[in-house]
file work08.csv (CSV, C-alpha atoms)
chain,number,residue,atom,x,y,z
U,1,ILE,CA,2.0,-12.9,-9.1
U,2,GLN,CA,0.7,-14.7,-12.1
U,3,ARG,CA,-1.2,-18.0,-12.3
U,4,ARG,CA,0.0,-20.7,-14.7
U,5,ASP,CA,-2.8,-21.8,-17.0
U,6,GLU,CA,-2.4,-25.1,-18.9
U,7,GLY,CA,1.4,-25.0,-18.6
U,8,SER,CA,2.0,-21.4,-19.9
U,9,GLU,CA,2.4,-18.1,-18.2
U,10,SER,CA,-1.0,-16.3,-18.3
U,11,LEU,CA,-0.9,-12.6,-18.9
U,12,THR,CA,-4.7,-12.4,-18.7
U,13,SER,CA,-4.9,-13.6,-15.0
U,14,PRO,CA,-5.1,-11.2,-12.1
U,15,PRO,CA,-2.8,-10.9,-9.1
U,16,GLN,CA,-3.2,-13.1,-6.1
U,17,HIS,CA,-4.1,-11.1,-3.0
U,18,THR,CA,-2.1,-11.8,0.1
U,19,HIS,CA,-4.3,-11.6,3.2
U,20,THR,CA,-1.7,-12.1,5.9
U,21,HIS,CA,1.5,-10.2,6.6
U,22,SER,CA,4.0,-13.0,7.2
U,23,SER,CA,4.8,-14.4,3.7
U,24,PRO,CA,2.0,-17.0,3.6
U,25,PRO,CA,1.6,-19.6,0.8
U,26,ALA,CA,0.1,-18.3,-2.4
U,27,PRO,CA,-3.7,-18.1,-1.7
U,28,ALA,CA,-6.3,-19.7,-3.9
U,29,VAL,CA,-7.7,-17.8,-6.9
U,30,THR,CA,-10.7,-15.9,-5.8
U,31,LYS,CA,-14.0,-16.4,-7.6
U,32,TRP,CA,-13.8,-13.1,-9.5
U,33,SER,CA,-10.3,-13.5,-10.9
U,34,ARG,CA,-11.0,-15.3,-14.1
U,35,ASP,CA,-13.1,-12.4,-15.4
U,36,ARG,CA,-10.7,-9.7,-14.5
U,37,VAL,CA,-9.2,-7.8,-17.4
U,38,ARG,CA,-5.4,-8.0,-17.2
U,39,VAL,CA,-2.7,-6.4,-19.2
U,40,ARG,CA,1.1,-6.3,-18.7
U,41,THR,CA,2.0,-3.1,-16.9
U,42,SER,CA,5.1,-1.4,-15.7
U,43,MET,CA,4.0,-1.9,-12.1
U,44,ASP,CA,3.5,-5.7,-12.1
U,45,GLY,CA,5.2,-7.2,-9.0
U,46,ALA,CA,4.4,-4.3,-6.7
U,47,THR,CA,3.3,-4.9,-3.1
U,48,LEU,CA,1.0,-2.6,-1.3
U,49,HIS,CA,1.3,-2.9,2.5
U,50,TYR,CA,-1.7,-1.7,4.5
U,51,PHE,CA,-4.2,-2.6,7.2
U,52,ARG,CA,-7.4,-4.8,6.8
U,53,ILE,CA,-9.5,-1.7,6.1
U,54,ARG,CA,-10.2,0.6,3.1
U,55,GLY,CA,-8.7,3.7,4.6
U,56,LYS,CA,-5.9,5.4,2.7
U,57,GLY,CA,-4.9,2.2,1.0
U,58,GLU,CA,-8.1,2.1,-1.0
U,59,PRO,CA,-7.4,4.8,-3.6
U,60,ILE,CA,-4.2,3.0,-4.5
U,61,ARG,CA,-6.0,-0.4,-4.7
U,62,LEU,CA,-8.6,1.1,-6.9
U,63,ALA,CA,-6.0,2.4,-9.3
U,64,LEU,CA,-4.0,-0.8,-9.4
U,65,GLU,CA,-7.2,-2.9,-9.8
U,66,ASP,CA,-8.7,-0.8,-12.6
U,67,GLN,CA,-5.4,-0.7,-14.5
U,68,GLY,CA,-5.0,-4.5,-14.3
U,69,VAL,CA,-1.8,-4.5,-12.3
U,70,ALA,CA,-0.5,-7.8,-11.0
U,71,TYR,CA,0.3,-6.7,-7.4
U,72,THR,CA,0.3,-8.2,-3.9
U,73,ASN,CA,-2.1,-6.7,-1.4
U,74,ASP,CA,-0.2,-7.3,1.9
U,75,ILE,CA,-2.5,-7.0,4.9
U,76,ILE,CA,-0.8,-5.9,8.1
U,77,PRO,CA,-2.7,-7.2,11.2
U,78,PHE,CA,-3.3,-4.4,13.7
U,79,GLU,CA,-1.8,-6.5,16.4
U,80,ASP,CA,1.5,-6.8,14.4
U,81,TRP,CA,1.7,-3.1,13.5
U,82,GLY,CA,4.0,-2.1,16.4
U,83,ALA,CA,6.6,-4.6,15.5
U,84,THR,CA,6.2,-4.0,11.8
U,85,LYS,CA,6.5,-0.2,12.3
U,86,ALA,CA,9.6,-0.6,14.4
U,87,ARG,CA,11.3,-2.8,11.8
U,88,GLY,CA,10.3,-0.4,9.0
U,89,VAL,CA,11.5,2.7,10.7
U,90,GLU,CA,14.8,1.0,11.6
U,91,ALA,CA,15.3,-0.2,8.0
U,92,GLY,CA,14.4,3.2,6.6
U,93,ASN,CA,11.3,1.8,4.7
U,94,LEU,CA,8.9,3.8,6.9
U,95,PRO,CA,10.5,7.2,7.3
U,96,PHE,CA,7.3,8.7,8.8
U,97,GLY,CA,6.2,5.5,10.7
U,98,GLN,CA,3.0,5.3,8.6
U,99,VAL,CA,1.3,3.3,5.9
U,100,PRO,CA,0.2,2.9,3.1
U,101,TRP,CA,3.6,1.6,2.0
U,102,LEU,CA,4.4,0.5,-1.6
U,103,SER,CA,7.3,-1.7,-2.5
U,104,HIS,CA,8.2,-1.8,-6.2
U,105,ASP,CA,11.5,-2.4,-8.1
U,106,GLY,CA,13.6,-1.7,-5.1
U,107,LEU,CA,11.6,1.4,-4.2
U,108,GLU,CA,10.0,1.7,-0.7
U,109,LEU,CA,7.5,4.5,-0.8
U,110,VAL,CA,5.0,5.8,1.7
U,111,GLN,CA,2.4,8.6,1.9
U,112,MET,CA,-0.8,7.9,0.0
U,113,ASN,CA,-0.6,10.8,-2.5
U,114,ALA,CA,3.1,10.2,-3.2
U,115,ILE,CA,2.2,6.6,-4.0
U,116,LEU,CA,-0.6,7.8,-6.3
U,117,ARG,CA,1.7,10.2,-8.1
U,118,TYR,CA,4.2,7.4,-8.6
U,119,VAL,CA,1.4,5.2,-10.0
U,120,ALA,CA,0.4,8.0,-12.3
U,121,ARG,CA,3.9,8.3,-13.7
U,122,ARG,CA,4.3,4.6,-14.2
U,123,LEU,CA,0.8,3.9,-15.6
U,124,ASP,CA,0.2,7.1,-17.7
U,125,LEU,CA,-2.4,8.4,-15.4
U,126,TYR,CA,-1.3,12.0,-15.4
U,127,GLY,CA,-3.4,13.2,-18.4
U,128,ASP,CA,-1.4,13.8,-21.5
U,129,GLY,CA,1.9,13.8,-19.6
U,130,SER,CA,2.4,17.5,-20.0
U,131,PRO,CA,3.4,19.7,-17.0
U,132,VAL,CA,0.0,21.4,-17.3
U,133,ASP,CA,-2.0,18.3,-17.0
U,134,ALA,CA,0.2,16.9,-14.2
U,135,ALA,CA,-0.2,20.1,-12.3
U,136,LYS,CA,-4.0,20.0,-12.7
U,137,VAL,CA,-4.1,16.4,-11.4
U,138,ASP,CA,-1.9,17.4,-8.5
U,139,MET,CA,-4.3,20.2,-7.7
U,140,TYR,CA,-7.3,17.9,-7.8
U,141,LEU,CA,-5.5,15.4,-5.5
U,142,ASP,CA,-4.8,18.2,-3.0
U,143,GLY,CA,-8.4,19.4,-3.1
U,144,ILE,CA,-9.6,15.8,-2.6
U,145,GLU,CA,-7.2,15.5,0.4
U,146,ASP,CA,-8.8,18.6,2.0
U,147,TRP,CA,-12.1,17.0,1.7
U,148,ARG,CA,-10.7,13.7,3.1
U,149,VAL,CA,-9.3,15.5,6.1
U,150,ASN,CA,-12.8,16.9,6.9
U,151,TYR,CA,-14.3,13.4,6.6
U,152,LEU,CA,-11.6,11.8,8.8
U,153,ARG,CA,-12.2,14.5,11.4
U,154,LEU,CA,-15.9,13.4,11.4
U,155,ILE,CA,-14.9,9.8,11.8
U,156,TYR,CA,-12.0,10.0,14.3
U,157,ARG,CA,-12.5,13.2,16.3
U,158,ASP,CA,-16.2,13.5,16.3
U,159,GLN,CA,-16.9,9.7,16.3
U,160,LEU,CA,-19.6,10.1,13.7
U,161,SER,CA,-22.0,11.7,16.1
U,162,ASP,CA,-25.4,12.7,14.8
U,163,THR,CA,-24.6,16.4,15.4
U,164,ALA,CA,-21.3,16.2,13.6
U,165,LYS,CA,-22.7,14.2,10.7
U,166,THR,CA,-25.4,16.9,10.2
U,167,GLY,CA,-22.8,19.7,10.2
U,168,PHE,CA,-20.6,17.7,7.8
U,169,ALA,CA,-23.4,17.1,5.4
U,170,GLU,CA,-24.4,20.8,5.4
U,171,ALA,CA,-20.8,21.9,4.8
U,172,VAL,CA,-20.2,19.4,1.9
U,173,ALA,CA,-23.4,20.6,0.2
U,174,ALA,CA,-22.7,24.3,0.8
U,175,PRO,CA,-22.4,26.7,-2.2
U,176,LEU,CA,-19.2,27.1,-4.1
U,177,GLY,CA,-16.7,29.3,-2.3
U,178,THR,CA,-17.9,28.4,1.2
U,179,ARG,CA,-15.0,28.4,3.5
U,180,GLY,CA,-14.2,24.8,4.7
U,181,GLY,CA,-17.1,23.4,2.6
U,182,GLY,CA,-18.7,23.4,-0.8
U,183,GLN,CA,-16.9,20.2,-1.9
U,184,LEU,CA,-19.8,18.9,-4.0
U,185,ALA,CA,-20.1,22.2,-5.8
U,186,GLN,CA,-16.3,22.3,-6.4
U,187,PHE,CA,-16.1,19.0,-8.1
U,188,GLU,CA,-19.4,19.6,-10.0
U,189,ALA,CA,-17.8,22.7,-11.4
U,190,ILE,CA,-14.6,20.9,-12.3
U,191,LEU,CA,-16.5,18.3,-14.3
U,192,ARG,CA,-18.6,21.0,-16.0
U,193,ALA,CA,-15.6,23.0,-16.9
U,194,ASN,CA,-13.5,20.1,-18.3
U,195,GLY,CA,-16.5,18.5,-20.1
U,196,GLY,CA,-15.7,14.8,-20.3
U,197,ASP,CA,-16.1,11.5,-18.5
U,198,PHE,CA,-13.4,12.2,-15.9
U,199,LEU,CA,-12.1,15.0,-13.7
U,200,LEU,CA,-9.5,16.1,-16.3
U,201,GLY,CA,-11.8,15.5,-19.2
U,202,ALA,CA,-11.4,12.6,-21.6
U,203,ARG,CA,-8.6,10.8,-19.7
U,204,ILE,CA,-8.8,9.0,-16.4
U,205,THR,CA,-6.2,10.0,-13.8
U,206,VAL,CA,-5.2,9.0,-10.3
U,207,ALA,CA,-7.4,11.9,-9.0
U,208,ASP,CA,-10.5,10.0,-10.2
U,209,TYR,CA,-9.5,7.0,-8.1
U,210,SER,CA,-8.8,9.1,-5.1
U,211,LEU,CA,-12.2,10.8,-5.4
U,212,LEU,CA,-14.0,7.6,-6.0
U,213,ALA,CA,-12.6,6.0,-2.8
U,214,LEU,CA,-13.6,9.1,-0.8
U,215,ILE,CA,-17.1,9.3,-2.2
U,216,ASP,CA,-17.7,5.6,-1.9
U,217,ASP,CA,-16.8,5.9,1.8
U,218,GLN,CA,-19.0,8.9,2.4
U,219,LEU,CA,-22.1,7.4,0.7
U,220,ARG,CA,-22.1,4.8,3.4
U,221,VAL,CA,-23.0,7.5,6.0
U,222,LEU,CA,-24.7,10.0,3.6
U,223,PRO,CA,-26.5,7.9,1.0
U,224,GLU,CA,-28.2,10.8,-0.6
U,225,MET,CA,-25.1,13.0,-0.8
U,226,LEU,CA,-25.0,13.2,-4.6
U,227,ALA,CA,-28.7,13.7,-5.2
U,228,ALA,CA,-28.3,17.4,-6.1
U,229,SER,CA,-25.0,16.9,-8.0
U,230,PRO,CA,-26.0,15.5,-11.4
U,231,LEU,CA,-22.5,15.6,-13.0
U,232,LEU,CA,-20.8,14.1,-10.0
U,233,SER,CA,-23.4,11.5,-9.6
U,234,ALA,CA,-23.1,10.5,-13.3
U,235,TRP,CA,-19.3,10.5,-12.9
U,236,ASN,CA,-19.6,8.2,-9.9
U,237,GLU,CA,-21.8,5.7,-11.9
U,238,ARG,CA,-19.3,5.7,-14.8
U,239,MET,CA,-16.4,5.0,-12.5
U,240,ARG,CA,-18.2,2.2,-10.7
U,241,ALA,CA,-19.3,0.7,-14.1
U,242,ARG,CA,-15.7,0.2,-15.3
U,243,PRO,CA,-15.3,-3.6,-15.6
U,244,ASN,CA,-12.4,-4.1,-13.3
U,245,LEU,CA,-13.8,-1.6,-10.7
U,246,ALA,CA,-17.2,-3.1,-10.9
U,247,ARG,CA,-15.9,-6.6,-10.1
U,248,TYR,CA,-13.6,-5.4,-7.4
U,249,MET,CA,-16.1,-3.2,-5.6
U,250,ALA,CA,-18.6,-6.0,-5.7
U,251,LEU,CA,-16.4,-8.4,-3.8
U,252,ASP,CA,-17.8,-9.7,-0.5
U,253,ALA,CA,-16.2,-9.7,2.9
U,254,GLU,CA,-14.8,-13.2,2.4
U,255,ALA,CA,-13.1,-12.4,-0.9
U,256,ALA,CA,-11.9,-8.9,0.2
U,257,PRO,CA,-12.1,-8.5,3.9
U,258,TRP,CA,-10.4,-5.1,3.8
U,259,ARG,CA,-13.4,-3.8,1.8
U,260,ALA,CA,-15.7,-4.6,4.7
U,261,VAL,CA,-14.2,-2.1,7.2
U,262,VAL,CA,-13.8,1.5,6.1
U,263,ASN,CA,-11.8,3.0,8.9
U,264,GLY,CA,-9.5,2.0,11.7
U,265,ASN,CA,-12.1,2.6,14.4
U,266,SER,CA,-14.8,0.6,12.5
U,267,LEU,CA,-16.9,3.7,12.0
U,268,GLY,CA,-18.2,4.7,8.6
call {"tool": "encode", "arguments": {"input": "work08.csv", "output": "structure tokens"}}
result
Amino acid sequence: IQRRDEGSESLTSPPQHTHTHSSPPAPAVTKWSRDRVRVRTSMDGATLHYFRIRGKGEPIRLALEDQGVAYTNDIIPFEDWGATKARGVEAGNLPFGQVPWLSHDGLELVQMNAILRYVARRLDLYGDGSPVDAAKVDMYLDGIEDWRVNYLRLIYRDQLSDTAKTGFAEAVAAPLGTRGGGQLAQFEAILRANGGDFLLGARITVADYSLLALIDDQLRVLPEMLAASPLLSAWNERMRARPNLARYMALDAEAAPWRAVVNGNSLG
């Protein structure tokens, strides 16, 4: 959704974010929007449907925000989810009865990593576009997802108990090759091997956005997690300093209420 400035279509203005699920009037421009770097992209007009939390919607939001996509962030109230799910399943839009859910150019797509891969293809976020680079990005996404599963187990199954948090922190910081752990060492090694600003090297990919979202969430409960991982710590700072990401991640709870709550059970 673009804003008209002085009677002309502005291609330097960011999308308007929809904060309710039932086709509300276009919301006011938020205070950060005039500074956001915008470009015309092949994903303008997309709608991301998700809850008022970071969750599995946030890696997708980070990619769209950083790339300057004019998209609608459609927030589904938890109390409306049952009816929304039923309608989506019946219509075939939610084949697995889950969100995040992306609508774009007649495509209705669910599953976080499937959406990220679609974004990668549309926005040139798969490295150099070769099968080799695409395969590496897919590999990184799968490794990040393994780490995310462990984190979500801590949040939902273990309810972020002190004992579970200690065990999780020890596992994440374990040496490379540790079964079920060693994630910090894994991604430190990837950055060292590829030698560049991003996971794949010189080019940012959707894997960087997925990892940034996950690390950002974990630093809320383990603030010193990256202290012994210099390459990963430097990568995190570079990602957060990217202009569009810096502005987006600095939004307060009024401007971006979904940023204020990380998980569906309000833990984390």
call {"tool": "closest_residue", "arguments": {"input": "work08.csv", "among": "U:Ser161, U:Glu108, U:Tyr248, U:Arg52", "to": "Trp81 of chain U", "atoms": "all atoms listed in the file"}}
result
U:Arg52
call {"tool": "residues_around", "arguments": {"input": "work08.csv", "residues": "Tyr126 of chain U", "least_positions_apart": "4", "cutoff": "12 Å", "atoms": "all atoms listed in the file", "output": "list in words"}}
result
Leu116, Arg117, Tyr118, Val119, Ala120, Arg121, Arg122, Ser130, Pro131, Val132, Asp133, Ala134, Ala135, Lys136, Val137, Asp138, Met139, Tyr140, Leu141, Leu199, Leu200, Gly201, Ala202, Arg203, Ile204, Thr205, Val206, Ala207 and Asp208 of chain U
call {"tool": "residues_around", "arguments": {"input": "work08.csv", "residues": "Arg238 of chain U", "least_positions_apart": "3", "cutoff": "12 Å", "atoms": "only C-alpha atoms", "output": "list in words"}}
result
Gly196, Asp197, Phe198, Leu199, Ile204, Asp208, Tyr209, Leu212, Leu231, Leu232, Ser233, Ala234, Trp235, Ala241, Arg242, Pro243, Leu245 and Ala246 of chain U
call {"tool": "closest_residue", "arguments": {"input": "work08.csv", "among": "U:Phe168, U:Tyr156, U:Tyr151, U:Trp258", "to": "Asp217 of chain U", "atoms": "only C-alpha atoms"}}
result
U:Tyr151
call {"tool": "closest_residue", "arguments": {"input": "work08.csv", "among": "U:Gln67, U:Ser210, U:Glu188, U:Asn113", "to": "Ala228 of chain U", "atoms": "all atoms listed in the file"}}
result
U:Glu188
call {"tool": "residues_near_point", "arguments": {"input": "work08.csv", "point": "(7.7, -4.5, -16.3)", "cutoff": "12 Å", "atoms": "only C-alpha atoms", "output": "ChimeraX atom specification"}}
result
/U:39-46,69-71,104-105,122-123
call {"tool": "write_last_selection", "arguments": {"input": "work08.csv", "atoms": "C-alpha atoms", "output": "mmCIF file, in the frame of the given file"}}
result
data_model
loop_
_atom_site.group_PDB
_atom_site.id
_atom_site.type_symbol
_atom_site.label_atom_id
_atom_site.label_comp_id
_atom_site.auth_asym_id
_atom_site.auth_seq_id
_atom_site.Cartn_x
_atom_site.Cartn_y
_atom_site.Cartn_z
ATOM 1 C CA VAL U 39 -2.700 -6.400 -19.200
ATOM 2 C CA ARG U 40 1.100 -6.300 -18.700
ATOM 3 C CA THR U 41 2.000 -3.100 -16.900
ATOM 4 C CA SER U 42 5.100 -1.400 -15.700
ATOM 5 C CA MET U 43 4.000 -1.900 -12.100
ATOM 6 C CA ASP U 44 3.500 -5.700 -12.100
ATOM 7 C CA GLY U 45 5.200 -7.200 -9.000
ATOM 8 C CA ALA U 46 4.400 -4.300 -6.700
ATOM 9 C CA VAL U 69 -1.800 -4.500 -12.300
ATOM 10 C CA ALA U 70 -0.500 -7.800 -11.000
ATOM 11 C CA TYR U 71 0.300 -6.700 -7.400
ATOM 12 C CA HIS U 104 8.200 -1.800 -6.200
ATOM 13 C CA ASP U 105 11.500 -2.400 -8.100
ATOM 14 C CA ARG U 122 4.300 4.600 -14.200
ATOM 15 C CA LEU U 123 0.800 3.900 -15.600
#
call {"tool": "closest_residue", "arguments": {"input": "work08.csv", "among": "U:Ala185, U:Leu102, U:Leu62, U:Val89", "to": "Thr47 of chain U", "atoms": "only C-alpha atoms"}}
result
U:Leu102
call {"tool": "closest_residue", "arguments": {"input": "work08.csv", "among": "U:Leu226, U:Val221, U:Leu160, U:Leu211", "to": "Pro59 of chain U", "atoms": "all atoms listed in the file"}}
result
U:Leu211
call {"tool": "atom_distance", "arguments": {"input": "work08.csv", "atom1": "atom CA of Leu219 of chain U", "atom2": "atom CA of Ile75 of chain U"}}
result
24.7 Å
call {"tool": "atom_distance", "arguments": {"input": "work08.csv", "atom1": "atom CA of Trp147 of chain U", "atom2": "atom CA of Gln183 of chain U"}}
result
6.8 Å
call {"tool": "closest_residue", "arguments": {"input": "work08.csv", "among": "U:Leu125, U:Ala255, U:Ala227, U:Ile215", "to": "Arg240 of chain U", "atoms": "only C-alpha atoms"}}
result
U:Ile215
call {"tool": "residues_around", "arguments": {"input": "work08.csv", "residues": "Gly57 of chain U", "least_positions_apart": "6", "cutoff": "9 Å", "atoms": "all atoms listed in the file", "output": "PyMOL selection string"}}
result
chain U and resi 48-51+99-101+112
call {"tool": "write_last_selection", "arguments": {"input": "work08.csv", "atoms": "C-alpha atoms", "output": "PDB file, keeping the file's coordinate frame"}}
result
ATOM      1  CA  LEU U  48       1.000  -2.600  -1.300  1.00  0.00           C
ATOM      2  CA  HIS U  49       1.300  -2.900   2.500  1.00  0.00           C
ATOM      3  CA  TYR U  50      -1.700  -1.700   4.500  1.00  0.00           C
ATOM      4  CA  PHE U  51      -4.200  -2.600   7.200  1.00  0.00           C
ATOM      5  CA  VAL U  99       1.300   3.300   5.900  1.00  0.00           C
ATOM      6  CA  PRO U 100       0.200   2.900   3.100  1.00  0.00           C
ATOM      7  CA  TRP U 101       3.600   1.600   2.000  1.00  0.00           C
ATOM      8  CA  MET U 112      -0.800   7.900   0.000  1.00  0.00           C
TER       9      MET U 112
END
call {"tool": "atom_distance", "arguments": {"input": "work08.csv", "atom1": "atom CA of Thr166 of chain U", "atom2": "atom CA of Asn263 of chain U"}}
result
19.5 Å
call {"tool": "residues_near_point", "arguments": {"input": "work08.csv", "point": "(-13.6, 10.5, 5.2)", "cutoff": "7 Å", "atoms": "all atoms listed in the file", "output": "list in words"}}
result
Arg148, Val149, Asn150, Tyr151, Leu152, Ile155, Leu214, Asp217 and Gln218 of chain U
call {"tool": "build_atoms", "arguments": {"input": "work08.csv", "residues": "segment 116-125 of chain U", "atoms": "all heavy atoms", "output": "PDB file, in the frame of the given file"}}
result
ATOM      1  N   LEU U 116       0.258   7.555  -5.109  1.00  0.00           N
ATOM      2  CA  LEU U 116      -0.600   7.800  -6.300  1.00  0.00           C
ATOM      3  C   LEU U 116       0.100   8.507  -7.392  1.00  0.00           C
ATOM      4  O   LEU U 116      -0.091   8.194  -8.578  1.00  0.00           O
ATOM      5  CB  LEU U 116      -1.862   8.570  -5.833  1.00  0.00           C
ATOM      6  CG  LEU U 116      -2.920   7.798  -5.049  1.00  0.00           C
ATOM      7  CD1 LEU U 116      -3.997   8.740  -4.533  1.00  0.00           C
ATOM      8  CD2 LEU U 116      -3.548   6.695  -5.907  1.00  0.00           C
ATOM      9  N   ARG U 117       0.952   9.458  -7.053  1.00  0.00           N
ATOM     10  CA  ARG U 117       1.700  10.200  -8.100  1.00  0.00           C
ATOM     11  C   ARG U 117       2.708   9.276  -8.778  1.00  0.00           C
ATOM     12  O   ARG U 117       2.945   9.383  -9.988  1.00  0.00           O
ATOM     13  CB  ARG U 117       2.349  11.423  -7.485  1.00  0.00           C
ATOM     14  CG  ARG U 117       1.316  12.485  -7.123  1.00  0.00           C
ATOM     15  CD  ARG U 117       1.922  13.680  -6.402  1.00  0.00           C
ATOM     16  NE  ARG U 117       0.923  14.707  -6.228  1.00  0.00           N
ATOM     17  CZ  ARG U 117       0.500  15.184  -5.049  1.00  0.00           C
ATOM     18  NH1 ARG U 117       1.020  14.705  -3.927  1.00  0.00           N
ATOM     19  NH2 ARG U 117      -0.431  16.105  -4.979  1.00  0.00           N
ATOM     20  N   TYR U 118       3.307   8.383  -8.017  1.00  0.00           N
ATOM     21  CA  TYR U 118       4.200   7.400  -8.600  1.00  0.00           C
ATOM     22  C   TYR U 118       3.443   6.480  -9.565  1.00  0.00           C
ATOM     23  O   TYR U 118       3.890   6.216 -10.680  1.00  0.00           O
ATOM     24  CB  TYR U 118       4.888   6.597  -7.506  1.00  0.00           C
ATOM     25  CG  TYR U 118       5.769   5.470  -7.986  1.00  0.00           C
ATOM     26  CD1 TYR U 118       7.015   5.729  -8.546  1.00  0.00           C
ATOM     27  CD2 TYR U 118       5.360   4.144  -7.873  1.00  0.00           C
ATOM     28  CE1 TYR U 118       7.831   4.702  -8.988  1.00  0.00           C
ATOM     29  CE2 TYR U 118       6.167   3.106  -8.310  1.00  0.00           C
ATOM     30  CZ  TYR U 118       7.409   3.383  -8.867  1.00  0.00           C
ATOM     31  OH  TYR U 118       8.204   2.359  -9.301  1.00  0.00           O
ATOM     32  N   VAL U 119       2.284   6.008  -9.106  1.00  0.00           N
ATOM     33  CA  VAL U 119       1.400   5.200 -10.000  1.00  0.00           C
ATOM     34  C   VAL U 119       1.062   5.937 -11.232  1.00  0.00           C
ATOM     35  O   VAL U 119       1.062   5.376 -12.335  1.00  0.00           O
ATOM     36  CB  VAL U 119       0.168   4.743  -9.180  1.00  0.00           C
ATOM     37  CG1 VAL U 119      -0.848   4.088 -10.111  1.00  0.00           C
ATOM     38  CG2 VAL U 119       0.535   3.796  -8.041  1.00  0.00           C
ATOM     39  N   ALA U 120       0.758   7.218 -11.098  1.00  0.00           N
ATOM     40  CA  ALA U 120       0.400   8.000 -12.300  1.00  0.00           C
ATOM     41  C   ALA U 120       1.513   8.069 -13.279  1.00  0.00           C
ATOM     42  O   ALA U 120       1.288   7.952 -14.493  1.00  0.00           O
ATOM     43  CB  ALA U 120       0.020   9.433 -11.825  1.00  0.00           C
ATOM     44  N   ARG U 121       2.735   8.234 -12.798  1.00  0.00           N
ATOM     45  CA  ARG U 121       3.900   8.300 -13.700  1.00  0.00           C
ATOM     46  C   ARG U 121       4.158   6.966 -14.373  1.00  0.00           C
ATOM     47  O   ARG U 121       4.528   6.906 -15.545  1.00  0.00           O
ATOM     48  CB  ARG U 121       5.114   8.807 -12.961  1.00  0.00           C
ATOM     49  CG  ARG U 121       4.995  10.256 -12.480  1.00  0.00           C
ATOM     50  CD  ARG U 121       6.248  10.733 -11.777  1.00  0.00           C
ATOM     51  NE  ARG U 121       6.131  12.124 -11.377  1.00  0.00           N
ATOM     52  CZ  ARG U 121       5.776  12.527 -10.155  1.00  0.00           C
ATOM     53  NH1 ARG U 121       5.512  11.626  -9.221  1.00  0.00           N
ATOM     54  NH2 ARG U 121       5.682  13.812  -9.873  1.00  0.00           N
ATOM     55  N   ARG U 122       3.968   5.886 -13.635  1.00  0.00           N
ATOM     56  CA  ARG U 122       4.300   4.600 -14.200  1.00  0.00           C
ATOM     57  C   ARG U 122       3.188   4.070 -15.134  1.00  0.00           C
ATOM     58  O   ARG U 122       3.475   3.319 -16.061  1.00  0.00           O
ATOM     59  CB  ARG U 122       4.458   3.553 -13.046  1.00  0.00           C
ATOM     60  CG  ARG U 122       5.653   3.794 -12.135  1.00  0.00           C
ATOM     61  CD  ARG U 122       6.973   3.775 -12.878  1.00  0.00           C
ATOM     62  NE  ARG U 122       7.269   2.533 -13.522  1.00  0.00           N
ATOM     63  CZ  ARG U 122       8.218   1.678 -13.122  1.00  0.00           C
ATOM     64  NH1 ARG U 122       8.950   1.956 -12.063  1.00  0.00           N
ATOM     65  NH2 ARG U 122       8.445   0.559 -13.787  1.00  0.00           N
ATOM     66  N   LEU U 123       1.947   4.473 -14.897  1.00  0.00           N
ATOM     67  CA  LEU U 123       0.800   3.900 -15.600  1.00  0.00           C
ATOM     68  C   LEU U 123       0.132   4.930 -16.551  1.00  0.00           C
ATOM     69  O   LEU U 123      -0.993   4.696 -16.992  1.00  0.00           O
ATOM     70  CB  LEU U 123      -0.189   3.291 -14.688  1.00  0.00           C
ATOM     71  CG  LEU U 123       0.326   2.151 -13.815  1.00  0.00           C
ATOM     72  CD1 LEU U 123      -0.801   1.606 -12.934  1.00  0.00           C
ATOM     73  CD2 LEU U 123       0.919   1.036 -14.659  1.00  0.00           C
ATOM     74  N   ASP U 124       0.778   6.064 -16.779  1.00  0.00           N
ATOM     75  CA  ASP U 124       0.200   7.100 -17.700  1.00  0.00           C
ATOM     76  C   ASP U 124      -1.141   7.547 -17.221  1.00  0.00           C
ATOM     77  O   ASP U 124      -2.108   7.596 -17.985  1.00  0.00           O
ATOM     78  CB  ASP U 124       0.126   6.486 -19.114  1.00  0.00           C
ATOM     79  CG  ASP U 124      -0.156   7.549 -20.166  1.00  0.00           C
ATOM     80  OD1 ASP U 124       0.142   8.724 -19.907  1.00  0.00           O
ATOM     81  OD2 ASP U 124      -0.689   7.208 -21.244  1.00  0.00           O
ATOM     82  N   LEU U 125      -1.193   7.917 -15.950  1.00  0.00           N
ATOM     83  CA  LEU U 125      -2.400   8.400 -15.400  1.00  0.00           C
ATOM     84  C   LEU U 125      -2.325   9.853 -14.916  1.00  0.00           C
ATOM     85  O   LEU U 125      -2.916  10.288 -13.938  1.00  0.00           O
ATOM     86  CB  LEU U 125      -2.822   7.510 -14.156  1.00  0.00           C
ATOM     87  CG  LEU U 125      -3.170   6.056 -14.503  1.00  0.00           C
ATOM     88  CD1 LEU U 125      -3.311   5.224 -13.230  1.00  0.00           C
ATOM     89  CD2 LEU U 125      -4.447   5.983 -15.335  1.00  0.00           C
TER      90      LEU U 125
END
